[in-house]
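Colleague: I have a structure here, written as structure tokens, and I will follow up with some questions on it.
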Amino acid sequence: MSLQEGDAAPSVSAENQHGDLVEPAFSEPTVVYFYPKDDTPGCSIEANQFQAELETYHEAGVEVYGVSLDDVDSHRAFADGEDLAFDLLADPDGDVAAAFDVELREIQGHTVTNRTTFVLADGEVAAVYEGVDPDGHAREVLQDVLDDGLATLPE
């Protein structure tokens, strides 16, 4: 079972698609979404929809990170191919997934994370989405973040 609402945000670090070490503080509103695999249909839909909403997320002061067990090179190719402007965190050893207690499963001989999204703010988990349908998820999370008062858009 993954982290739950009210749990302390974990301390994590991982390389992004550019090979830069990223260590989110989770003090400001942040969305961390775990997805199974780069360049797969559902994961491409989800990533593209987060990209489509990214400007609004940023206007509201919310960071977005995608995480999978893929490596930096796979993330770089995926981000370049899909024209993604947010960080994809490489987690080939599953350390970030373990910190969030995200369940792993086997698909066609590959270990992948379950599709799970976390909203973090003020150093704790504010919301958890499990069993995510990738289509429409980015907008749903954005609306919930705004409705819950975790972030606001400028007037």
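Just remember, in the structure tokens the first chain shown is A, the second B, etc., residues are 1-based per chain, and ligands are 1-based in the order shown.
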Show me, as a list in words, the residues that have an atom within 10 Å of Thr111 in chain A when counting only C-alpha atoms, minus same-chain residues fewer than 5 positions from it.
Modeller: Pro36, Lys37, Leu69, Asp70, Pro92, Gly94, Leu104, Arg105 and Glu106 of chain A
Colleague: Please write the residues from the selection above to a file, keeping N, CA and C atoms, as a compact mmCIF listing (two decimals), in the first residue's frame.
Modeller:
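What follows is the written file result.txt:
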# COMPACT_ATOMS: atom_id res chain seq x y z
N PRO A 36 4.00 3.28 -15.69
CA PRO A 36 4.70 2.01 -15.93
C PRO A 36 5.94 2.09 -16.83
N LYS A 37 5.83 2.67 -18.02
CA LYS A 37 6.95 2.56 -18.95
C LYS A 37 6.93 3.66 -20.00
N LEU A 69 10.51 3.28 -13.71
CA LEU A 69 11.72 2.50 -13.48
C LEU A 69 12.69 2.57 -14.66
N ASP A 70 12.32 3.33 -15.70
CA ASP A 70 13.21 3.48 -16.85
C ASP A 70 14.44 4.30 -16.48
N PRO A 92 15.65 3.39 -11.94
CA PRO A 92 15.88 2.01 -12.37
C PRO A 92 16.05 1.02 -11.22
N GLY A 94 14.38 1.37 -8.35
CA GLY A 94 13.12 1.37 -7.61
C GLY A 94 13.19 2.09 -6.27
N LEU A 104 4.99 -2.56 -7.23
CA LEU A 104 5.58 -2.95 -8.51
C LEU A 104 4.86 -4.19 -9.01
N ARG A 105 4.86 -4.37 -10.33
CA ARG A 105 4.26 -5.56 -10.92
C ARG A 105 5.02 -5.94 -12.18
N GLU A 106 4.78 -7.14 -12.65
CA GLU A 106 5.43 -7.63 -13.86
C GLU A 106 4.48 -7.50 -15.04
Colleague: I'd like to know which of A:Arg139, A:Gln49, A:Gly123, A:Gln108 is closest to Ser11 in chain A, using only C-alpha atoms.
Modeller: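 Answer, going by the shortest atom-to-atom distance: A:Gly123.
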Colleague: Which residues in range 21-115 of chain A does DSSP call alpha helix (DSSP H)? List them as number ranges by chain.
Modeller: A: 41-59, 72-82, 95-99
Colleague: At a cut-off of 12 Å, using only C-alpha atoms, what residues contact His18 in chain A? Leave out same-chain residues fewer than 6 positions from it and give the result as a PyMOL selection string.
Modeller: chain A and resi 71-80+84-90
Colleague: Can you spit out the residues from that selection as a tab-separated table (two decimals), in the first residue's frame, using C-alpha atoms?
Modeller:
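Dumped everything to result_21.tsv:
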chain	number	residue	atom	x	y	z
A	71	ASP	CA	16.74	4.89	-17.00
A	72	VAL	CA	17.98	8.37	-17.93
A	73	ASP	CA	18.53	7.49	-21.60
A	74	SER	CA	15.01	6.08	-21.95
A	75	HIS	CA	13.56	9.18	-20.26
A	76	ARG	CA	15.59	11.46	-22.51
A	77	ALA	CA	14.26	9.74	-25.65
A	78	PHE	CA	10.70	9.75	-24.30
A	79	ALA	CA	10.83	13.43	-23.25
A	80	ASP	CA	12.38	14.46	-26.57
A	84	LEU	CA	7.93	17.16	-22.50
A	85	ALA	CA	9.12	20.20	-20.53
A	86	PHE	CA	8.83	18.70	-17.02
A	87	ASP	CA	11.26	16.39	-15.24
A	88	LEU	CA	11.02	12.65	-15.66
A	89	LEU	CA	12.85	11.03	-12.76
A	90	ALA	CA	14.78	7.86	-13.55
Colleague: Using only C-alpha atoms, can you tell me which of A:Ala138, A:Val102, A:Val67, A:Val119 comes closest to Leu3 in chain A?
Modeller: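 The answer is A:Val102, which sits nearest to Leu3 in chain A.
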Colleague: Please provide as a ChimeraX atom specification all residues within 8 Å of range 4-6 of chain A, with the sequence filter that same-chain residues fewer than 2 positions apart are discarded (counting only C-alpha atoms).
Modeller: /A:2,8,124-128
Colleague: Please identify all polymer residues within 9 Å of Pro24 in chain A, counting only C-alpha atoms, omitting same-chain residues fewer than 5 positions from it, and present them as a tab-separated table (two decimals) with C-alpha atoms, in the first residue's frame.
Modeller:
chain	number	residue	atom	x	y	z
A	11	SER	CA	13.14	12.41	1.03
A	12	VAL	CA	14.09	11.35	-2.50
A	13	SER	CA	16.64	12.14	-5.17
A	30	THR	CA	4.08	19.16	-6.12
